[in-house]
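**Q** Next comes entry09.cif, mmCIF, C-alpha atoms:
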data_run
#
loop_
_atom_site.label_atom_id
_atom_site.label_comp_id
_atom_site.auth_asym_id
_atom_site.auth_seq_id
_atom_site.Cartn_x
_atom_site.Cartn_y
_atom_site.Cartn_z
CA MET A 1250 -104.96 -89.99 1.75
CA ALA A 1251 -105.39 -93.32 0.01
CA ALA A 1252 -107.89 -91.75 -2.39
CA ASP A 1253 -105.44 -89.01 -3.27
CA ASN A 1254 -102.71 -91.59 -3.92
CA ALA A 1255 -105.07 -93.54 -6.18
CA GLU A 1256 -105.85 -90.43 -8.23
CA LEU A 1257 -102.24 -89.34 -8.49
CA SER A 1258 -100.62 -90.69 -11.65
CA LYS A 1259 -97.74 -90.08 -14.01
CA ASP A 1260 -100.15 -88.72 -16.63
CA LYS A 1261 -101.57 -86.21 -14.17
CA VAL A 1262 -98.05 -85.02 -13.34
CA LEU A 1263 -97.11 -84.69 -17.00
CA ASP A 1264 -100.32 -82.78 -17.74
CA ALA A 1265 -99.44 -80.30 -14.99
CA LEU A 1266 -95.89 -79.95 -16.28
CA ARG A 1267 -97.18 -78.94 -19.70
CA ALA A 1268 -97.85 -75.55 -18.11
CA VAL A 1269 -94.09 -75.02 -17.75
CA ARG A 1270 -92.54 -73.41 -20.82
CA GLY A 1271 -89.26 -74.68 -22.26
CA PRO A 1272 -85.93 -72.82 -22.05
CA GLU A 1273 -86.66 -70.75 -25.18
CA LEU A 1274 -90.36 -70.29 -24.28
CA GLU A 1275 -91.27 -72.29 -27.39
CA GLY A 1276 -93.40 -75.17 -26.24
CA ASN A 1277 -93.56 -76.91 -22.85
CA ILE A 1278 -90.95 -79.09 -21.17
CA VAL A 1279 -93.00 -82.28 -21.62
CA ASP A 1280 -93.65 -81.99 -25.34
CA LEU A 1281 -90.03 -80.92 -25.87
CA GLY A 1282 -88.96 -84.25 -24.32
CA LEU A 1283 -87.05 -82.68 -21.44
CA VAL A 1284 -88.76 -84.56 -18.60
CA SER A 1285 -87.36 -87.92 -17.49
CA ASP A 1286 -89.47 -90.85 -16.31
CA VAL A 1287 -91.70 -89.72 -13.45
CA PHE A 1288 -91.42 -91.77 -10.26
CA ILE A 1289 -94.17 -91.56 -7.62
CA SER A 1290 -93.89 -93.01 -4.13
CA ASP A 1291 -96.02 -92.24 -1.08
CA ALA A 1292 -97.53 -89.18 -2.84
CA LYS A 1293 -94.04 -87.76 -3.49
CA VAL A 1294 -93.03 -87.10 -7.10
CA TYR A 1295 -89.47 -87.46 -8.44
CA PHE A 1296 -88.20 -86.57 -11.91
CA SER A 1297 -85.43 -84.69 -13.72
CA ILE A 1298 -85.32 -82.10 -16.51
CA THR A 1299 -82.66 -82.32 -19.22
CA VAL A 1300 -81.03 -79.00 -20.12
CA PRO A 1301 -77.83 -77.97 -21.96
CA ALA A 1302 -74.83 -78.25 -19.66
CA GLU A 1303 -73.63 -74.71 -20.36
CA ARG A 1304 -77.02 -73.29 -19.31
CA ALA A 1305 -77.68 -75.48 -16.28
CA ARG A 1306 -77.17 -72.76 -13.68
CA GLU A 1307 -79.22 -70.07 -15.42
CA LEU A 1308 -82.08 -72.52 -15.92
CA ASP A 1309 -82.50 -73.41 -12.26
CA PRO A 1310 -85.68 -71.22 -12.16
CA LEU A 1311 -87.11 -73.72 -14.67
CA ARG A 1312 -86.53 -76.50 -12.17
CA ALA A 1313 -88.11 -74.43 -9.41
CA ALA A 1314 -91.16 -73.67 -11.57
CA ALA A 1315 -91.66 -77.35 -12.38
CA GLU A 1316 -91.39 -78.22 -8.70
CA ARG A 1317 -94.02 -75.61 -7.76
CA VAL A 1318 -96.44 -76.82 -10.43
CA VAL A 1319 -96.21 -80.43 -9.24
CA LYS A 1320 -96.54 -79.52 -5.57
CA ASP A 1321 -99.80 -77.74 -6.43
CA ILE A 1322 -101.36 -80.99 -7.71
CA PRO A 1323 -103.99 -82.20 -5.19
CA GLY A 1324 -102.68 -85.17 -3.21
CA VAL A 1325 -98.96 -84.44 -3.79
CA LYS A 1326 -96.99 -84.33 -0.53
CA GLY A 1327 -93.73 -83.18 -2.07
CA ALA A 1328 -91.60 -83.05 -5.20
CA MET A 1329 -87.91 -83.65 -5.85
CA VAL A 1330 -86.73 -82.23 -9.18
CA ALA A 1331 -83.18 -82.33 -10.57
CA LEU A 1332 -81.58 -80.67 -13.56
CA THR A 1333 -79.78 -83.18 -15.76
CA ALA A 1334 -76.89 -81.46 -17.50
CA ASP A 1335 -76.82 -82.63 -21.11
CA ARG A 1336 -73.89 -81.85 -23.40
CA LYS A 1337 -73.86 -80.97 -27.08
CA ALA A 1338 -72.92 -83.62 -29.60
CA GLY A 1339 -69.17 -83.67 -30.05
CA ALA A 1340 -68.52 -81.70 -26.88
CA PRO A 1341 -66.02 -83.17 -24.42
CA ALA A 1342 -67.58 -85.21 -21.64
CA PRO A 1343 -67.74 -83.48 -18.26
CA ARG A 1344 -65.26 -84.62 -15.63
CA THR A 1345 -68.08 -85.89 -13.41
CA SER A 1346 -71.79 -86.45 -13.69
CA ALA A 1347 -72.55 -84.24 -10.68
CA PRO A 1348 -75.43 -81.81 -11.25
CA VAL A 1349 -75.04 -78.09 -10.97
CA ALA A 1350 -76.33 -77.07 -7.53
CA PRO A 1351 -79.07 -74.44 -7.35
CA ALA A 1352 -77.67 -70.94 -7.14
CA SER A 1353 -78.97 -70.57 -3.58
CA ASP A 1354 -76.60 -73.31 -2.42
CA THR A 1355 -73.53 -71.34 -3.42
CA ALA A 1356 -74.69 -67.76 -3.09
CA PRO A 1357 -72.28 -65.43 -1.31
CA GLY A 1358 -74.83 -64.67 1.40
CA ARG A 1359 -75.37 -68.30 2.39
CA PRO A 1360 -74.20 -68.83 6.00
CA PRO A 1361 -71.10 -71.01 6.36
CA ALA A 1362 -70.93 -74.17 8.41
CA ALA A 1363 -69.62 -73.95 11.93
CA GLY A 1364 -65.87 -74.20 12.01
CA GLY A 1365 -65.49 -72.37 8.70
CA HIS A 1366 -65.67 -75.44 6.48
CA SER A 1367 -67.30 -73.64 3.60
CA HIS A 1368 -64.35 -71.26 3.29
CA HIS A 1369 -61.38 -73.53 4.00
CA PRO A 1370 -61.21 -76.75 2.00
CA HIS A 1371 -59.24 -79.42 3.83
CA PRO A 1372 -55.79 -80.13 2.35
CA HIS A 1373 -54.39 -83.60 2.21
CA PRO A 1374 -52.48 -84.25 5.47
CA ASN A 1375 -49.22 -84.77 3.58
CA SER A 1376 -49.54 -81.79 1.24
CA ASN A 1377 -47.46 -78.62 1.68
CA ALA A 1378 -49.38 -75.56 0.54
CA SER A 1379 -47.35 -72.65 -0.80
CA ALA A 1380 -48.03 -69.14 -1.96
CA ASN A 1381 -47.50 -70.24 -5.56
CA ALA A 1382 -49.74 -73.31 -5.34
CA ALA A 1383 -52.29 -73.81 -8.08
CA PRO A 1384 -55.72 -72.46 -7.18
CA ARG A 1385 -58.23 -74.88 -5.69
CA GLY A 1386 -61.54 -75.80 -7.26
CA PRO A 1387 -64.84 -74.10 -6.41
CA VAL A 1388 -65.56 -73.50 -2.72
CA LYS A 1389 -67.86 -76.22 -1.39
CA ALA A 1390 -70.96 -75.01 0.41
CA GLY A 1391 -71.13 -76.33 3.96
CA ILE A 1392 -74.13 -77.08 6.14
CA PRO A 1393 -75.02 -74.36 8.65
CA GLY A 1394 -74.51 -75.56 12.20
CA VAL A 1395 -72.55 -78.71 11.28
CA GLY A 1396 -68.96 -78.58 12.44
CA ALA A 1397 -67.52 -81.51 10.48
CA ILE A 1398 -68.74 -84.10 7.97
CA ILE A 1399 -67.16 -87.56 7.94
CA ALA A 1400 -67.82 -90.15 5.23
CA VAL A 1401 -67.74 -93.87 6.05
CA ALA A 1402 -67.07 -95.80 2.85
CA SER A 1403 -66.09 -99.18 1.48
CA GLY A 1404 -65.00 -100.43 -1.89
CA LYS A 1405 -67.59 -103.22 -1.90
CA GLY A 1406 -70.74 -104.30 -0.12
CA GLY A 1407 -70.99 -106.92 2.58
CA VAL A 1408 -68.15 -105.67 4.80
CA GLY A 1409 -70.36 -104.23 7.55
CA LYS A 1410 -69.99 -100.57 6.57
CA SER A 1411 -73.47 -99.48 7.70
CA THR A 1412 -73.13 -101.31 11.02
CA THR A 1413 -69.77 -99.60 11.47
CA SER A 1414 -71.29 -96.22 10.57
CA ALA A 1415 -74.09 -96.57 13.11
CA ASN A 1416 -71.79 -97.72 15.92
CA LEU A 1417 -69.16 -95.09 15.07
CA ALA A 1418 -71.83 -92.37 15.26
CA LEU A 1419 -73.03 -93.74 18.60
CA ALA A 1420 -69.44 -93.94 19.87
CA LEU A 1421 -68.81 -90.31 18.92
CA HIS A 1422 -72.00 -89.41 20.80
CA ALA A 1423 -70.91 -91.51 23.79
CA ASN A 1424 -67.63 -89.56 23.75
CA GLY A 1425 -69.61 -86.36 24.33
CA LEU A 1426 -70.25 -85.01 20.82
CA ARG A 1427 -73.47 -83.85 19.16
CA VAL A 1428 -73.87 -86.28 16.26
CA GLY A 1429 -76.08 -86.78 13.23
CA ILE A 1430 -76.01 -89.54 10.64
CA LEU A 1431 -77.01 -89.36 6.98
CA ASP A 1432 -77.82 -92.60 5.18
CA ALA A 1433 -76.50 -91.83 1.69
CA ASP A 1434 -77.33 -95.26 0.26
CA ILE A 1435 -80.37 -94.34 -1.86
CA TYR A 1436 -80.84 -97.84 -3.30
CA GLY A 1437 -80.38 -99.78 -0.04
CA PRO A 1438 -80.92 -97.55 3.02
CA SER A 1439 -80.08 -99.35 6.26
CA MET A 1440 -80.35 -96.76 9.04
CA PRO A 1441 -84.11 -97.04 9.68
CA ARG A 1442 -83.66 -100.71 10.57
CA LEU A 1443 -80.25 -100.39 12.24
CA LEU A 1444 -81.41 -97.56 14.51
CA LYS A 1445 -84.98 -98.83 14.96
CA ILE A 1446 -86.66 -95.73 13.52
CA SER A 1447 -89.97 -95.83 11.67
CA GLY A 1448 -92.43 -93.25 10.38
CA ARG A 1449 -92.09 -90.18 8.19
CA PRO A 1450 -90.11 -87.04 9.03
CA GLU A 1451 -92.00 -83.78 9.58
CA GLN A 1452 -91.71 -80.79 7.28
CA ILE A 1453 -90.92 -77.40 8.79
CA GLY A 1454 -92.48 -74.45 7.01
CA GLY A 1455 -92.87 -76.46 3.82
CA LYS A 1456 -89.14 -76.17 3.05
CA THR A 1457 -86.94 -78.09 5.47
CA ILE A 1458 -87.30 -81.57 6.93
CA LYS A 1459 -86.97 -82.35 10.61
CA PRO A 1460 -84.60 -85.33 11.00
CA MET A 1461 -85.71 -88.43 12.86
CA GLU A 1462 -84.03 -89.19 16.20
CA ASN A 1463 -83.07 -92.19 18.32
CA TYR A 1464 -80.26 -93.04 20.75
CA GLY A 1465 -79.31 -89.35 20.84
CA LEU A 1466 -78.58 -89.21 17.08
CA LYS A 1467 -80.30 -87.08 14.45
CA VAL A 1468 -80.91 -89.28 11.41
CA MET A 1469 -81.95 -88.79 7.79
CA SER A 1470 -82.46 -91.57 5.24
CA MET A 1471 -84.31 -92.17 2.00
CA GLY A 1472 -85.76 -95.13 3.89
CA PHE A 1473 -87.96 -92.66 5.79
CA LEU A 1474 -89.40 -91.25 2.55
CA VAL A 1475 -89.88 -94.38 0.44
CA ASP A 1476 -91.39 -97.70 1.51
CA GLU A 1477 -88.91 -100.51 2.15
CA GLU A 1478 -90.35 -102.67 -0.65
CA VAL A 1479 -90.13 -99.93 -3.31
CA ALA A 1480 -87.33 -100.43 -5.85
CA MET A 1481 -85.49 -97.17 -6.52
CA ILE A 1482 -84.56 -96.95 -10.21
CA TRP A 1483 -82.90 -93.57 -10.54
CA ARG A 1484 -80.27 -92.13 -12.85
CA GLY A 1485 -77.18 -90.37 -11.52
CA PRO A 1486 -78.52 -86.79 -11.41
CA MET A 1487 -81.53 -87.87 -9.34
CA ILE A 1488 -79.22 -89.57 -6.82
CA GLN A 1489 -77.08 -86.45 -6.60
CA SER A 1490 -80.06 -84.15 -6.18
CA ALA A 1491 -81.56 -86.36 -3.47
CA LEU A 1492 -78.28 -86.45 -1.54
CA LEU A 1493 -77.79 -82.69 -1.64
CA GLN A 1494 -81.37 -82.10 -0.53
CA MET A 1495 -81.03 -84.55 2.36
CA LEU A 1496 -77.89 -82.69 3.39
CA ARG A 1497 -78.92 -79.07 2.92
CA GLU A 1498 -82.69 -79.12 3.30
CA VAL A 1499 -82.73 -80.92 6.65
CA ALA A 1500 -82.88 -79.01 9.95
CA TRP A 1501 -79.81 -80.64 11.49
CA GLY A 1502 -79.42 -77.93 14.12
CA GLU A 1503 -76.08 -77.62 15.91
CA LEU A 1504 -73.93 -80.72 15.39
CA ASP A 1505 -70.27 -81.33 16.12
CA VAL A 1506 -70.14 -84.02 13.46
CA LEU A 1507 -72.33 -85.54 10.75
CA VAL A 1508 -71.47 -89.14 9.86
CA VAL A 1509 -72.39 -90.09 6.29
CA ASP A 1510 -72.96 -93.78 5.59
CA MET A 1511 -71.91 -94.01 1.94
CA PRO A 1512 -73.15 -96.66 -0.49
CA PRO A 1513 -70.51 -99.23 -1.50
CA GLY A 1514 -68.27 -98.55 -4.48
CA THR A 1515 -67.06 -95.37 -6.16
CA GLY A 1516 -70.09 -94.12 -8.09
CA ASP A 1517 -72.25 -91.00 -8.37
CA ALA A 1518 -73.04 -90.71 -4.66
CA GLN A 1519 -69.36 -90.83 -3.68
CA LEU A 1520 -68.35 -88.25 -6.29
CA THR A 1521 -71.20 -85.95 -5.27
CA MET A 1522 -70.11 -86.05 -1.63
CA ALA A 1523 -66.42 -85.70 -2.42
CA GLN A 1524 -66.76 -82.86 -4.91
CA GLN A 1525 -69.67 -80.81 -3.57
CA VAL A 1526 -69.49 -81.27 0.20
CA PRO A 1527 -66.61 -80.09 2.46
CA LEU A 1528 -65.74 -83.48 3.91
CA ALA A 1529 -63.44 -83.41 6.93
CA GLY A 1530 -62.29 -86.88 5.96
CA ALA A 1531 -63.21 -90.45 5.09
CA VAL A 1532 -63.10 -93.68 7.08
CA ILE A 1533 -62.60 -96.82 4.98
CA VAL A 1534 -64.12 -100.11 6.16
CA SER A 1535 -62.74 -103.43 4.96
CA THR A 1536 -62.54 -107.04 6.02
CA PRO A 1537 -59.10 -108.69 6.29
CA GLN A 1538 -59.08 -110.78 3.13
CA ASP A 1539 -57.28 -109.71 -0.05
CA LEU A 1540 -60.45 -109.58 -2.16
CA ALA A 1541 -62.04 -106.94 0.09
CA LEU A 1542 -58.78 -105.00 0.31
CA ILE A 1543 -58.54 -104.76 -3.47
CA ASP A 1544 -61.84 -102.89 -3.52
CA ALA A 1545 -60.96 -100.84 -0.44
CA ARG A 1546 -57.90 -99.54 -2.30
CA LYS A 1547 -60.21 -98.14 -4.99
CA GLY A 1548 -62.11 -96.16 -2.38
CA LEU A 1549 -58.88 -94.89 -0.89
CA ALA A 1550 -57.61 -93.85 -4.31
CA MET A 1551 -60.83 -92.00 -5.12
CA PHE A 1552 -60.81 -89.91 -1.93
CA ARG A 1553 -57.14 -89.08 -2.37
CA LYS A 1554 -57.72 -88.05 -5.98
CA VAL A 1555 -60.39 -85.55 -4.95
CA GLU A 1556 -58.24 -84.34 -2.01
CA VAL A 1557 -60.40 -85.68 0.81
CA PRO A 1558 -58.22 -86.74 3.78
CA VAL A 1559 -58.37 -90.45 4.59
CA LEU A 1560 -58.78 -90.65 8.35
CA GLY A 1561 -57.91 -94.32 8.40
CA ILE A 1562 -58.97 -97.93 7.85
CA VAL A 1563 -61.17 -100.09 10.07
CA GLU A 1564 -60.73 -103.86 9.87
CA ASN A 1565 -64.25 -105.21 10.39
CA MET A 1566 -64.99 -108.90 11.09
CA SER A 1567 -61.34 -109.06 12.08
CA TYR A 1568 -61.63 -112.27 14.08
CA PHE A 1569 -64.25 -114.50 15.69
CA ILE A 1570 -64.41 -115.54 19.33
CA ALA A 1571 -66.44 -118.69 19.87
CA PRO A 1572 -69.04 -117.89 22.55
CA ASP A 1573 -68.92 -121.41 24.05
CA THR A 1574 -65.16 -121.99 24.25
CA GLY A 1575 -63.64 -118.53 23.91
CA ALA A 1576 -61.39 -119.85 21.14
CA ARG A 1577 -60.37 -117.31 18.51
CA TYR A 1578 -60.76 -118.00 14.78
CA ASP A 1579 -59.41 -115.80 11.97
CA ILE A 1580 -62.20 -116.71 9.55
CA PHE A 1581 -61.29 -114.09 6.93
CA GLY A 1582 -57.60 -113.99 7.72
CA HIS A 1583 -56.25 -111.30 10.01
CA GLY A 1584 -54.22 -108.11 9.82
CA GLY A 1585 -54.77 -107.41 6.13
CA ALA A 1586 -56.26 -103.95 6.72
CA ARG A 1587 -53.54 -103.04 9.23
CA ASN A 1588 -50.84 -104.05 6.77
CA GLU A 1589 -52.54 -102.10 3.98
CA ALA A 1590 -52.76 -99.00 6.17
CA GLU A 1591 -49.05 -99.23 6.97
CA ARG A 1592 -48.19 -99.82 3.32
CA ILE A 1593 -49.96 -96.71 2.04
CA GLY A 1594 -49.29 -94.50 5.05
CA VAL A 1595 -52.76 -93.94 6.53
CA PRO A 1596 -53.80 -94.52 10.16
CA PHE A 1597 -55.07 -97.92 11.21
CA LEU A 1598 -58.12 -97.22 13.37
CA GLY A 1599 -58.82 -100.61 14.91
CA GLU A 1600 -60.05 -104.19 14.68
CA VAL A 1601 -63.74 -104.93 15.18
CA PRO A 1602 -64.42 -108.59 15.96
CA LEU A 1603 -67.09 -110.69 14.29
CA THR A 1604 -69.54 -111.48 17.07
CA ILE A 1605 -73.03 -112.90 17.23
CA ALA A 1606 -73.99 -109.96 19.44
CA ILE A 1607 -73.16 -107.40 16.73
CA ARG A 1608 -75.30 -109.29 14.22
CA GLU A 1609 -78.21 -109.77 16.62
CA THR A 1610 -78.26 -106.20 17.91
CA SER A 1611 -77.95 -104.77 14.39
CA ASP A 1612 -80.90 -106.86 13.16
CA ALA A 1613 -82.93 -105.81 16.21
CA GLY A 1614 -82.19 -102.10 15.75
CA THR A 1615 -80.35 -101.87 19.06
CA PRO A 1616 -76.69 -101.25 18.11
CA LEU A 1617 -74.15 -102.68 20.52
CA VAL A 1618 -72.67 -99.30 21.48
CA ALA A 1619 -76.16 -98.16 22.59
CA LEU A 1620 -77.12 -101.46 24.21
CA GLU A 1621 -73.83 -102.22 26.00
CA PRO A 1622 -71.92 -98.90 26.11
CA ASP A 1623 -69.38 -100.27 28.60
CA GLY A 1624 -68.90 -103.64 26.87
CA PRO A 1625 -65.69 -104.78 25.13
CA VAL A 1626 -66.96 -104.26 21.57
CA ALA A 1627 -68.31 -100.81 22.40
CA ALA A 1628 -64.86 -99.99 23.77
CA VAL A 1629 -63.37 -100.82 20.36
CA TYR A 1630 -65.80 -98.49 18.58
CA ARG A 1631 -65.19 -95.71 21.12
CA GLU A 1632 -61.44 -96.00 20.62
CA ILE A 1633 -61.95 -95.75 16.85
CA ALA A 1634 -64.18 -92.72 17.40
CA THR A 1635 -61.52 -91.09 19.55
CA LYS A 1636 -58.84 -91.58 16.89
CA VAL A 1637 -61.12 -90.20 14.17
CA TRP A 1638 -62.11 -87.11 16.15
CA GLU A 1639 -58.52 -86.37 17.17
CA GLN A 1640 -57.58 -86.14 13.49
CA VAL A 1641 -60.59 -83.98 12.62
CA SER A 1642 -59.91 -81.65 15.56
CA ALA A 1643 -56.22 -81.37 14.64
CA ALA A 1644 -57.11 -80.48 11.04
CA LYS A 1645 -59.57 -77.82 12.21
CA ALA A 1646 -56.94 -76.36 14.53
CA ASP A 1647 -54.42 -76.21 11.68
CA THR A 1648 -56.99 -74.44 9.50
CA SER A 1649 -57.67 -71.90 12.24
CA ARG A 1650 -53.96 -71.18 12.62
CA ASP A 1651 -53.70 -70.54 8.88
CA MET A 1652 -56.37 -67.83 9.03
CA PRO A 1653 -54.91 -64.29 8.98
CA SER A 1654 -55.50 -62.05 11.95
CA ILE A 1655 -56.71 -58.48 11.50
CA VAL A 1656 -55.02 -55.91 13.72
CA PHE A 1657 -56.31 -52.36 14.15
CA GLU A 1658 -53.68 -49.79 15.05
#
Written as structure tokens, how would this file's structure read?
**A**
Amino acid sequence: MAADNAELSKDKVLDALRAVRGPELEGNIVDLGLVSDVFISDAKVYFSITVPAERARELDPLRAAAERVVKDIPGVKGAMVALTADRKAGAPAPRTSAPVAPASDTAPGRPPAAGGHSHHPHPHPNSNASANAAPRGPVKAGIPGVGAIIAVASGKGGVGKSTTSANLALALHANGLRVGILDADIYGPSMPRLLKISGRPEQIGGKTIKPMENYGLKVMSMGFLVDEEVAMIWRGPMIQSALLQMLREVAWGELDVLVVDMPPGTGDAQLTMAQQVPLAGAVIVSTPQDLALIDARKGLAMFRKVEVPVLGIVENMSYFIAPDTGARYDIFGHGGARNEAERIGVPFLGEVPLTIAIRETSDAGTPLVALEPDGPVAAVYREIATKVWEQVSAAKADTSRDMPSIVFE
């Protein structure tokens, strides 16, 4: 395969794409300047095609044609192509930069996710729906077989969000649920290292990807597709397209819950998940100090604005217990996340201590909940998992009660 990789180049890809006619069939997409920079990694080709925003949906066959042409190039293992919605000069900017999903993702015949998520968007816990309420936005396509999707987010990096995501997923599994985890951090994927998974996922029938597995979890990450040393330099639409493909073109099977480890901040990835995926709720991770809480509030505000329920706040690195003396130290302060949760009226899920064991087991790819399932730190994660799942289950039950019954007389 090394020879194929050596022969594969950006010029070869562009030459192949010149066979794809432009939207008006006048010239090809390359010479018309519609193709973005081509990125090649491990014989996989990534690029986007710029089209007018108002024609994005009708031009999805153009994207599919470009994808087919590139996949036919000798040595190409796969292609990921996104439509970049461009707007006319002077036209109002779109509300978000999320791409228009391919028609197949929202077609009426597409099977809904288990639990009916694709037909019943989750209301905010404090909202009171009425018959005269304003209509909701477009129905979000769920993932067949996945009962609930939970996002784990933070306002900033460095607060232990990915470690929390991995241990939360393992705790949900330890509590008896079928669990998957999606690493949505395209630029800095952590799950391959945290869960000690290496290698490339298999393709099934040339269309779907079989997720990797370890510790009883099904896992998908860009880290499985791109080498760890490769710098990902992608624009927003490419990030959005990659996320939706990792969600909807992966053979997740039957899962009770899919945990999504979000990248830090409130950017394209967060908006894509919030606006195009039926999230059951979001868990916010913060450390106790004011600086981290300022950023956590931004994440909370974003999820509330797009009507995604906030399942609660986790205070990570809450305190430190000296292993030699047992003395407790509040290195980053203490109780800030609990106070913030009480102030804004969301559940406080728990305090995770800062321990050497969490750091060592995370670096070694043996998360503490998997390594010491009956230990004191694992008990904290399992309690958090219980609180999260109780809220998700209650919301699903409320949704089921709201569904009308059909009676034949």
**Q** Would you compute the distance between CA of Phe1581 (chain A) and CA of Glu1600 (chain A)? Give it in Å to one decimal.
**A**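 Answer for the CA of Phe1581 (chain A) to CA of Glu1600 (chain A) separation: 12.6 Å.
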**Q** Report as a ChimeraX atom specification all protein, DNA and RNA residues lying within 10 Å of Ala1313 (chain A), evaluated on all atoms listed in the file, omitting residues in the same chain fewer than 2 positions from it.
**A** /A:1308-1311,1315-1318,1329-1332,1351
**Q** Run the PyMOL selection byres ((chain A and resi 1409) around 9) mentally over the shown coordinates, then write out the matched residues as an NGL selection string, using the chain letters and numbers from the document.
**A** :A and (1403 or 1406-1408 or 1410-1414 or 1534-1536 or 1565-1566)
**Q** Here is a test: counting only C-alpha atoms, which residue of A:Ala1529, A:Ala1415, A:Ile1446, A:Ala1268 is nearest to Ile1399 (chain A)?
**A**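 The shortest atom-to-atom distance to Ile1399 (chain A) comes from A:Ala1529.
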**Q** Can you find the residues with an atom no farther than 10 Å from (-70.4, -112.6, 13.9), counting only C-alpha atoms, and report them as a PyMOL selection string?
**A** chain A and resi 1566-1571+1602-1609
**Q** Kindly provide, as number ranges by chain, the polymer residues lying within 9 Å of (-57.2, -97.4, 7.2), counting all atoms listed in the file and using the coordinates exactly as they appear in the file.
**A** A: 1532-1535, 1549, 1559-1564, 1586-1587, 1589-1591, 1593-1599
**Q** How would you write, as a tab-separated table (two decimals) with C-alpha atoms, in the frame of the given file, the residues chosen by the PyMOL selection byres ((chain A and resi 1271) around 10) on this structure?
**A**
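New file result.tsv:
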chain	number	residue	atom	x	y	z
A	1267	ARG	CA	-97.18	-78.94	-19.70
A	1268	ALA	CA	-97.85	-75.55	-18.11
A	1269	VAL	CA	-94.09	-75.02	-17.75
A	1270	ARG	CA	-92.54	-73.41	-20.82
A	1272	PRO	CA	-85.93	-72.82	-22.05
A	1273	GLU	CA	-86.66	-70.75	-25.18
A	1274	LEU	CA	-90.36	-70.29	-24.28
A	1275	GLU	CA	-91.27	-72.29	-27.39
A	1276	GLY	CA	-93.40	-75.17	-26.24
A	1277	ASN	CA	-93.56	-76.91	-22.85
A	1278	ILE	CA	-90.95	-79.09	-21.17
A	1279	VAL	CA	-93.00	-82.28	-21.62
A	1280	ASP	CA	-93.65	-81.99	-25.34
A	1281	LEU	CA	-90.03	-80.92	-25.87
A	1282	GLY	CA	-88.96	-84.25	-24.32
A	1283	LEU	CA	-87.05	-82.68	-21.44
A	1300	VAL	CA	-81.03	-79.00	-20.12
A	1308	LEU	CA	-82.08	-72.52	-15.92
A	1311	LEU	CA	-87.11	-73.72	-14.67
**Q** Skipping near chain neighbours, those fewer than 3 positions away, what residues fall within 8 Å of Leu1496 (chain A) using all atoms listed in the file, listed as a list in words?
**A**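 In the requested format, the answer is Ile1392, Leu1431, Leu1492, Leu1493 and Val1499 of chain A.
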**Q** Would you please work out which residue, of A:Val1506, A:Leu1444, A:Val1475, A:Ala1545, is nearest to His1422 (chain A) when using all atoms listed in the file?
**A**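 Ranked by minimum distance to His1422 (chain A), first place goes to A:Val1506.
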**Q** Could you jot down the CA of Asp1434 (chain A) to CA of Gly1472 (chain A) separation for me, Å, one decimal place?
**A**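 It comes out at 9.2 Å.
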**Q** Which residues, named as in the file, does the PyMOL selection byres ((chain A and resi 1322-1328) around 9) pick out? Answer as a ChimeraX atom specification.
**A** /A:1250,1252-1254,1256-1257,1261-1262,1265,1291-1296,1316-1321,1329-1330,1455
**Q** Between CA of Val1641 (chain A) and CA of Leu1528 (chain A), measure the distance and give it in Å to one decimal.
**A** 10.1 Å
**Q** Which is closest to Gly1585 (chain A) among A:Ile1543, A:Pro1622, A:Pro1572, A:Ser1490, if we use only C-alpha atoms?
**A** A:Ile1543
**Q** Pick from A:Leu1474, A:Leu1466, A:Leu1443, A:Ile1458: nearest to Glu1498 (chain A), with only C-alpha atoms counted?
**A** A:Ile1458
